[in-house]
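Chemist: Here it is: the structure, laid out below.
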Amino acid sequence: MRDTKEDFYVLGIETSCDETSAAVVKNGRQVLSNVISSQVCLFQKYGGVVPEIASRKHVELIVPVISEALEKSGMTLEDMNAIGVTYGPGLVGALLVGLSAAKGLAFSLDKPLVGVHHIEGHIAANYIDHPDLEPPFICLVVSGGHSHIVYVADYNQFEILGQTRDDAAGEAFDKVARAIGLGYPGGPLIDKAARDGNPKAMAFPRVYFDQGSLDFSFSGIKTAVLNYLNGMQQKGEPISVEDVAASFQQAVVDVLVNNVLKAARAKNTRNIALAGGVAANSLLRSQLKNFAEKEGFRVFYPSPVLCTDNAAMIACAAFYEYKKGIVSSLDLNAVPGLKLGER
Ligand code: KG4
Ligand code: ZN
């Protein structure tokens with residue numbers, strides 16, 4: 001049931017990859033429900049997401065997940081003020097399932113539809129856990145598909161300061177985890193194994209571009225790990241999974257932290273936020289906090305459940321889009337390669 005007429009409720013829907021999620025969020029930052037049905041177990045045997053299977057699973061799950069989100073929030077569809085949905089970037093077949101459901105609901109209920117950029121959603125996850133966080137700030141968005149340093153000038157104004165030129169950080173975690181036999185998804189497994197390893201055991205490369213560039217490259221680190229593993233195998237020597245995990249993780253985190261600090265200094269902002277699945281990484285969180293706080297920056301990161309894909313972050317971003325007068329038309333299409341800041 002609605003509290004007051006002034007309150008604004010958004011039903012958020014997210015299906016860009018392998019999580020089917022729906023959430024009800026009140027006034028942008030108060031999560032009333034956030035149902036996430038993950039297909040991770042399904043893809044463990046393949047070592048990664050199979051797009052066609054993901055789309056079919058979303059079709060099966062989308063209606064029950066939306067119903068459960070409404071039920072848990074104690075609200076009805078009629079109570080919603082807007083429907084927010086991810087329309088890109090992501091897997092096209094997966095995006096289309098959530099988008100079609102959102103468009104159908106917006107049309108039948110005669111409610112506004114707000115299309116949300118997936119990365120904008122990841123950034124917005126920080127608003128949910130930190131009621132005092134407001135733009136401007138620097139956000140490091142690191143997930144399975146993205147590694148971006150973003151200057152968040154306003155709720156819907158973004159400037160990309162740096163990005164990966166090859167693999168995303170999460171992709172490198174997943175590929176290295178597979179190579180050392182840890183399974184899928186690799187990020188949390190490397191994070192865990194690294195706790196018992198020596199981060200200085202191997203010197204994997206840290207790639208920086210020319211002065212002034214905040215871009216990343218993670219394919220070199222991944223290749224260095226693969227070469228190391230091959231070399232050890234040829235010599236018949238055993239490898240320490242924990243040491244490889246710790247040394248690889250340290251190399252990735254060093255580059256992420258150094259570049260994001262450079263960005264924060266250049267933009268003269270006080271606040272730095274983390275977002276995306278890799279933002280759940282314990283070393284990234286602690287090292288960034290440690291180094292940044294020494295320079296007087298404040299560091300924000302979402303709780304782990306809001307770091308990985310979820311619909312609450314999409315509803316939050318949709319709220320701020322709507323408040324700026326941004327509404328999508330019902331012919332909105334999925335855009336798999338959507339750029340941040342593009343509509
Ligand atoms: O944001 P997300 O759920 O999906 C995408 O939009 O890609 O991110 C998933 C990525 C995966 O690559 C996963 O291995 C990584 O985030 N990840 C982590 C951790 N938890 C998830 N990487 C490093 N450390 C973690 N603790
Ligand atoms: Zn994501």
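Each chain in the structure tokens gets a letter, A, B, ..., in the order shown, and its residues are numbered from 1; ligands are numbered from 1 in order too.
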Output as a VMD selection string all residues of segment 101-342 of chain A that backbone DSSP marks as helix (DSSP H, G or I).
Modeler: chain A and resid 101 to 109 118 to 129 169 to 179 186 to 194 219 to 235 241 to 267 277 to 280 282 to 294 304 to 307 311 to 323
Chemist: Sorted by chain and rising residue number, list the residues of chain A at most 6 Å from ligand 1 (counting only C-alpha atoms and all ligand atoms), each with its closest atom pair and distance in Å to one decimal, as JSON lines.
Modeler:
```
{"residue": "A:Ser143", "atom": "CA", "partner": "ligand 1", "partner_atom_place_in_ligand_line": "8 (O)", "distance": 4.0}
{"residue": "A:Gly144", "atom": "CA", "partner": "ligand 1", "partner_atom_place_in_ligand_line": "7 (O)", "distance": 3.2}
{"residue": "A:Gly145", "atom": "CA", "partner": "ligand 1", "partner_atom_place_in_ligand_line": "7 (O)", "distance": 4.5}
{"residue": "A:Gly170", "atom": "CA", "partner": "ligand 1", "partner_atom_place_in_ligand_line": "12 (O)", "distance": 3.4}
{"residue": "A:Glu171", "atom": "CA", "partner": "ligand 1", "partner_atom_place_in_ligand_line": "12 (O)", "distance": 5.0}
{"residue": "A:Phe173", "atom": "CA", "partner": "ligand 1", "partner_atom_place_in_ligand_line": "14 (O)", "distance": 5.7}
{"residue": "A:Asp174", "atom": "CA", "partner": "ligand 1", "partner_atom_place_in_ligand_line": "14 (O)", "distance": 5.2}
{"residue": "A:Pro185", "atom": "CA", "partner": "ligand 1", "partner_atom_place_in_ligand_line": "14 (O)", "distance": 4.6}
{"residue": "A:Gly186", "atom": "CA", "partner": "ligand 1", "partner_atom_place_in_ligand_line": "14 (O)", "distance": 4.5}
{"residue": "A:Gly187", "atom": "CA", "partner": "ligand 1", "partner_atom_place_in_ligand_line": "22 (N)", "distance": 3.2}
{"residue": "A:Pro188", "atom": "CA", "partner": "ligand 1", "partner_atom_place_in_ligand_line": "26 (N)", "distance": 3.8}
{"residue": "A:Asp191", "atom": "CA", "partner": "ligand 1", "partner_atom_place_in_ligand_line": "24 (N)", "distance": 5.2}
{"residue": "A:Gly276", "atom": "CA", "partner": "ligand 1", "partner_atom_place_in_ligand_line": "1 (O)", "distance": 4.1}
{"residue": "A:Gly277", "atom": "CA", "partner": "ligand 1", "partner_atom_place_in_ligand_line": "16 (O)", "distance": 3.4}
{"residue": "A:Val278", "atom": "CA", "partner": "ligand 1", "partner_atom_place_in_ligand_line": "22 (N)", "distance": 3.7}
{"residue": "A:Ala280", "atom": "CA", "partner": "ligand 1", "partner_atom_place_in_ligand_line": "26 (N)", "distance": 4.5}
{"residue": "A:Asn281", "atom": "CA", "partner": "ligand 1", "partner_atom_place_in_ligand_line": "26 (N)", "distance": 3.6}
{"residue": "A:Thr308", "atom": "CA", "partner": "ligand 1", "partner_atom_place_in_ligand_line": "3 (O)", "distance": 3.4}
{"residue": "A:Asp309", "atom": "CA", "partner": "ligand 1", "partner_atom_place_in_ligand_line": "3 (O)", "distance": 4.2}
```
Chemist: Any chance you could export the current selection's N, CA and C atoms as an mmCIF file, in the first residue's frame?
Modeler:
```
data_model
loop_
_atom_site.group_PDB
_atom_site.id
_atom_site.type_symbol
_atom_site.label_atom_id
_atom_site.label_comp_id
_atom_site.auth_asym_id
_atom_site.auth_seq_id
_atom_site.Cartn_x
_atom_site.Cartn_y
_atom_site.Cartn_z
ATOM 1 N N SER A 143 33.192 -4.684 -14.023
ATOM 2 C CA SER A 143 32.315 -5.860 -14.009
ATOM 3 C C SER A 143 32.829 -6.873 -15.020
ATOM 4 N N GLY A 144 31.967 -7.855 -15.335
ATOM 5 C CA GLY A 144 32.369 -8.882 -16.294
ATOM 6 C C GLY A 144 32.506 -8.327 -17.703
ATOM 7 N N GLY A 145 31.797 -7.253 -17.993
ATOM 8 C CA GLY A 145 31.819 -6.708 -19.349
ATOM 9 C C GLY A 145 32.428 -5.324 -19.453
ATOM 10 N N GLY A 170 36.628 -8.087 -14.786
ATOM 11 C CA GLY A 170 35.927 -9.307 -14.362
ATOM 12 C C GLY A 170 36.187 -10.471 -15.311
ATOM 13 N N GLU A 171 36.289 -10.124 -16.598
ATOM 14 C CA GLU A 171 36.565 -11.147 -17.623
ATOM 15 C C GLU A 171 37.947 -11.764 -17.344
ATOM 16 N N PHE A 173 39.473 -11.924 -14.418
ATOM 17 C CA PHE A 173 39.309 -12.775 -13.234
ATOM 18 C C PHE A 173 38.724 -14.130 -13.636
ATOM 19 N N ASP A 174 37.682 -14.096 -14.483
ATOM 20 C CA ASP A 174 37.007 -15.346 -14.872
ATOM 21 C C ASP A 174 37.938 -16.255 -15.685
ATOM 22 N N PRO A 185 31.624 -18.393 -11.428
ATOM 23 C CA PRO A 185 32.389 -17.242 -11.883
ATOM 24 C C PRO A 185 33.658 -17.068 -11.064
ATOM 25 N N GLY A 186 34.719 -16.652 -11.743
ATOM 26 C CA GLY A 186 36.052 -16.699 -11.157
ATOM 27 C C GLY A 186 36.347 -15.667 -10.089
ATOM 28 N N GLY A 187 35.734 -14.477 -10.207
ATOM 29 C CA GLY A 187 36.081 -13.381 -9.298
ATOM 30 C C GLY A 187 36.019 -13.765 -7.825
ATOM 31 N N PRO A 188 34.850 -14.219 -7.350
ATOM 32 C CA PRO A 188 34.756 -14.545 -5.923
ATOM 33 C C PRO A 188 35.692 -15.691 -5.520
ATOM 34 N N ASP A 191 39.215 -14.279 -5.262
ATOM 35 C CA ASP A 191 39.211 -13.448 -4.048
ATOM 36 C C ASP A 191 39.449 -14.337 -2.816
ATOM 37 N N GLY A 276 29.856 -2.315 -9.814
ATOM 38 C CA GLY A 276 30.005 -3.495 -10.675
ATOM 39 C C GLY A 276 30.466 -4.704 -9.873
ATOM 40 N N GLY A 277 30.349 -5.870 -10.490
ATOM 41 C CA GLY A 277 30.648 -7.124 -9.802
ATOM 42 C C GLY A 277 32.020 -7.163 -9.141
ATOM 43 N N VAL A 278 33.050 -6.643 -9.824
ATOM 44 C CA VAL A 278 34.415 -6.697 -9.279
ATOM 45 C C VAL A 278 34.564 -5.768 -8.063
ATOM 46 N N ALA A 280 32.980 -6.000 -5.589
ATOM 47 C CA ALA A 280 32.818 -6.858 -4.397
ATOM 48 C C ALA A 280 34.174 -7.407 -3.940
ATOM 49 N N ASN A 281 35.211 -7.195 -4.751
ATOM 50 C CA ASN A 281 36.527 -7.769 -4.421
ATOM 51 C C ASN A 281 37.103 -7.169 -3.135
ATOM 52 N N THR A 308 26.773 -6.852 -7.776
ATOM 53 C CA THR A 308 26.475 -7.670 -8.958
ATOM 54 C C THR A 308 25.096 -7.280 -9.494
ATOM 55 N N ASP A 309 24.728 -7.843 -10.649
ATOM 56 C CA ASP A 309 23.527 -7.376 -11.339
ATOM 57 C C ASP A 309 22.269 -7.540 -10.490
#
```
Chemist: Would you mind listing, for every residue of chain A within 10 Å of ligand 2, the two atoms forming the shortest contact and the distance between them in Å to one decimal, using only C-alpha atoms and all ligand atoms, sorted by chain and ascending residue number, as a tab-separated table?
Modeler:
```
residue	atom	partner	partner_atom_place_in_ligand_line	distance
A:Glu14	CA	ligand 2	1 (Zn)	9.5
A:Thr15	CA	ligand 2	1 (Zn)	9.8
A:Ser16	CA	ligand 2	1 (Zn)	7.7
A:Cys17	CA	ligand 2	1 (Zn)	7.7
A:Asp18	CA	ligand 2	1 (Zn)	9.6
A:Glu19	CA	ligand 2	1 (Zn)	9.3
A:Pro89	CA	ligand 2	1 (Zn)	9.2
A:Gly90	CA	ligand 2	1 (Zn)	8.5
A:His118	CA	ligand 2	1 (Zn)	6.4
A:Ile119	CA	ligand 2	1 (Zn)	6.8
A:Glu120	CA	ligand 2	1 (Zn)	9.8
A:Gly121	CA	ligand 2	1 (Zn)	8.3
A:His122	CA	ligand 2	1 (Zn)	6.5
A:Val141	CA	ligand 2	1 (Zn)	9.1
A:Val142	CA	ligand 2	1 (Zn)	8.5
A:Ser143	CA	ligand 2	1 (Zn)	5.8
A:Gly144	CA	ligand 2	1 (Zn)	6.9
A:Gly145	CA	ligand 2	1 (Zn)	7.3
A:His146	CA	ligand 2	1 (Zn)	8.0
A:Ala275	CA	ligand 2	1 (Zn)	8.8
A:Gly276	CA	ligand 2	1 (Zn)	5.6
A:Gly277	CA	ligand 2	1 (Zn)	6.4
A:Val278	CA	ligand 2	1 (Zn)	9.5
A:Leu306	CA	ligand 2	1 (Zn)	9.9
A:Cys307	CA	ligand 2	1 (Zn)	7.9
A:Thr308	CA	ligand 2	1 (Zn)	5.9
A:Asp309	CA	ligand 2	1 (Zn)	4.7
A:Asn310	CA	ligand 2	1 (Zn)	8.0
```
Chemist: I'd like the contact shell of Val85 of chain A - 8 Å cut-off, only C-alpha atoms, skipping same-chain residues fewer than 4 positions apart - returned as a list in words.
Modeler: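 Final neighbour list, sorted by chain and number: Gly12, Ile13, Glu14, Gly98, Leu99, Ala102, Leu113, Val114, Gly115, Val116, Ile314, Ala315 and Ala318 of chain A.
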Chemist: Those same residues - all heavy atoms - I'd like them written as a CSV table (one decimal), in the first residue's frame.
Modeler:
```csv
chain,number,residue,atom,x,y,z
A,12,GLY,N,11.7,-1.9,-10.9
A,12,GLY,CA,12.9,-2.0,-11.8
A,12,GLY,C,13.0,-3.4,-12.3
A,12,GLY,O,12.6,-4.4,-11.6
A,13,ILE,N,13.5,-3.5,-13.5
A,13,ILE,CA,13.6,-4.9,-14.2
A,13,ILE,C,15.0,-4.9,-14.8
A,13,ILE,O,15.4,-4.0,-15.5
A,13,ILE,CB,12.5,-5.1,-15.2
A,13,ILE,CG1,11.1,-5.1,-14.6
A,13,ILE,CG2,12.8,-6.4,-16.0
A,13,ILE,CD1,10.0,-5.2,-15.5
A,14,GLU,N,15.7,-6.0,-14.6
A,14,GLU,CA,17.1,-6.2,-15.1
A,14,GLU,C,17.3,-7.6,-15.6
A,14,GLU,O,17.1,-8.6,-14.9
A,14,GLU,CB,18.1,-5.9,-14.0
A,14,GLU,CG,19.5,-6.6,-14.1
A,14,GLU,CD,20.3,-6.1,-15.2
A,14,GLU,OE1,20.3,-4.9,-15.5
A,14,GLU,OE2,21.0,-6.9,-15.9
A,98,GLY,N,13.5,-8.7,-20.6
A,98,GLY,CA,13.1,-7.7,-19.6
A,98,GLY,C,12.4,-6.5,-20.2
A,98,GLY,O,11.4,-5.9,-19.7
A,99,LEU,N,13.0,-6.0,-21.3
A,99,LEU,CA,12.4,-4.8,-22.0
A,99,LEU,C,11.0,-5.1,-22.5
A,99,LEU,O,10.1,-4.2,-22.3
A,99,LEU,CB,13.3,-4.4,-23.1
A,99,LEU,CG,13.0,-3.2,-23.9
A,99,LEU,CD1,12.9,-2.0,-23.0
A,99,LEU,CD2,14.0,-2.9,-25.0
A,102,ALA,N,8.7,-5.0,-19.5
A,102,ALA,CA,8.6,-3.6,-19.0
A,102,ALA,C,7.6,-2.8,-19.9
A,102,ALA,O,6.8,-2.1,-19.4
A,102,ALA,CB,9.9,-2.9,-18.9
A,113,LEU,N,7.6,4.6,-18.9
A,113,LEU,CA,8.7,3.6,-19.1
A,113,LEU,C,10.0,4.4,-19.1
A,113,LEU,O,10.1,5.4,-19.7
A,113,LEU,CB,8.5,2.9,-20.4
A,113,LEU,CG,9.6,2.0,-20.8
A,113,LEU,CD1,9.5,0.6,-20.0
A,113,LEU,CD2,9.6,1.7,-22.3
A,114,VAL,N,10.9,4.0,-18.3
A,114,VAL,CA,12.2,4.7,-18.3
A,114,VAL,C,13.3,3.6,-18.6
A,114,VAL,O,13.6,2.7,-17.8
A,114,VAL,CB,12.5,5.3,-16.9
A,114,VAL,CG1,13.8,6.1,-16.9
A,114,VAL,CG2,11.4,6.2,-16.4
A,115,GLY,N,13.9,3.8,-19.7
A,115,GLY,CA,15.0,2.9,-20.1
A,115,GLY,C,16.3,3.3,-19.4
A,115,GLY,O,16.6,4.5,-19.4
A,116,VAL,N,17.0,2.3,-18.9
A,116,VAL,CA,18.2,2.7,-18.1
A,116,VAL,C,19.5,2.0,-18.7
A,116,VAL,O,19.4,0.8,-19.1
A,116,VAL,CB,18.0,2.2,-16.6
A,116,VAL,CG1,19.3,2.3,-15.8
A,116,VAL,CG2,16.9,3.0,-16.0
A,314,ILE,N,18.7,-0.5,-10.9
A,314,ILE,CA,18.1,0.0,-12.2
A,314,ILE,C,16.9,0.9,-11.8
A,314,ILE,O,16.7,2.0,-12.4
A,314,ILE,CB,17.6,-1.2,-13.0
A,314,ILE,CG1,18.8,-2.1,-13.4
A,314,ILE,CG2,16.8,-0.7,-14.3
A,314,ILE,CD1,19.9,-1.4,-14.1
A,315,ALA,N,16.1,0.5,-10.8
A,315,ALA,CA,15.0,1.3,-10.3
A,315,ALA,C,15.5,2.6,-9.8
A,315,ALA,O,14.9,3.7,-10.0
A,315,ALA,CB,14.2,0.6,-9.2
A,318,ALA,N,16.5,4.8,-12.7
A,318,ALA,CA,15.3,5.2,-13.4
A,318,ALA,C,14.6,6.4,-12.7
A,318,ALA,O,14.1,7.3,-13.3
A,318,ALA,CB,14.3,4.0,-13.5
```
Chemist: Using only C-alpha atoms, which residue out of A:Leu105, A:Leu95, A:Leu77, A:Val50 lies closest to Asn333 of chain A?
Modeler: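 Residue with the minimum atom-to-atom distance to Asn333 of chain A: A:Leu95.
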Chemist: One decimal, in Å: what's the spacing between atom CA of Ala263 of chain A and atom CA of Gln211 of chain A?
Modeler: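 Result for atom CA of Ala263 of chain A versus atom CA of Gln211 of chain A: 12.1 Å, one decimal.
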Chemist: Using the chain letters and numbers from this document, which residues of segment 159-220 of chain A does DSSP assign to strand (DSSP E), as a PyMOL selection string?
Modeler: chain A and resi 159-163
Chemist: Which residue, A:Ala125, A:Ala317, A:Val176, A:Leu261, has the smallest gap to Glu295 of chain A when you use only C-alpha atoms?
Modeler: A:Leu261
Chemist: Which of these residues is nearest to Leu96 of chain A, using only C-alpha atoms: A:Leu256, A:Leu332, A:Ala251, A:Leu226?
Modeler: A:Leu332
Chemist: Could you tell me which of A:Leu161, A:Ala246, A:Ile272, A:Ala153 comes closest to Pro199 of chain A if we count only C-alpha atoms?
Modeler: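 Checking each of A:Leu161, A:Ala246, A:Ile272, A:Ala153 against Pro199 of chain A, counting only C-alpha atoms, the winner is A:Ala246.
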Chemist: Measuring between only C-alpha atoms, which one of A:Leu214, A:Val35, A:Ala194, A:Ala54 shows the shortest distance to Val92 of chain A?
Modeler: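 Among the listed residues, the smallest separation from Val92 of chain A belongs to A:Ala54.
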Chemist: Given the choices A:Lys103, A:Leu11, A:Leu32, A:Leu61, which gets closest to Glu78 of chain A if the distance is worked out from only C-alpha atoms?
Modeler: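 Using only C-alpha atoms, Glu78 of chain A sits closest to A:Leu11.
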Chemist: Please list as a ChimeraX atom specification every residue within 12 Å of Asn156 of chain A, counting only C-alpha atoms and excluding residues in the same chain fewer than 4 positions away.
Modeler: /A:116-117,119-121,123-124,134-136,150-152,316-326,340-343
Chemist: What's around Leu70 of chain A at 7 Å? Count only C-alpha atoms, leave out sequence neighbours fewer than 5 positions away in its own chain, and write the answer as a compact mmCIF listing (two decimals) with N, CA and C atoms, in the first residue's frame.
Modeler:
```txt
# COMPACT_ATOMS: atom_id res chain seq x y z
N VAL A 24 11.29 -3.30 -6.20
CA VAL A 24 10.45 -2.11 -5.98
C VAL A 24 11.25 -1.16 -5.10
N MET A 75 3.30 -4.09 -2.34
CA MET A 75 2.71 -3.11 -3.25
C MET A 75 2.03 -3.85 -4.41
N THR A 76 1.25 -3.09 -5.17
CA THR A 76 0.63 -3.67 -6.37
C THR A 76 1.18 -2.95 -7.60
```
Chemist: Which residues are near Phe291 of chain A? Cut-off 10 Å, only C-alpha atoms, ignore same chain within fewer than 5 positions. Put them as a list in words.
Modeler: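 That gives Val257, Asn258, Leu261, Ser286, Gly296, Phe297 and Val299 of chain A.
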Chemist: Name the residues in contact with Ile190 of chain A at a cut-off of 12 Å, using only C-alpha atoms, excluding same-chain residues fewer than 5 positions from it; report them as a ChimeraX atom specification.
Modeler: /A:170,172-185,195-197,199,241-250,252,278,280-283
Chemist: What is the distance between atom CA of Asp79 of chain A and atom CA of Ile128 of chain A, in Å to one decimal?
Modeler: 20.8 Å
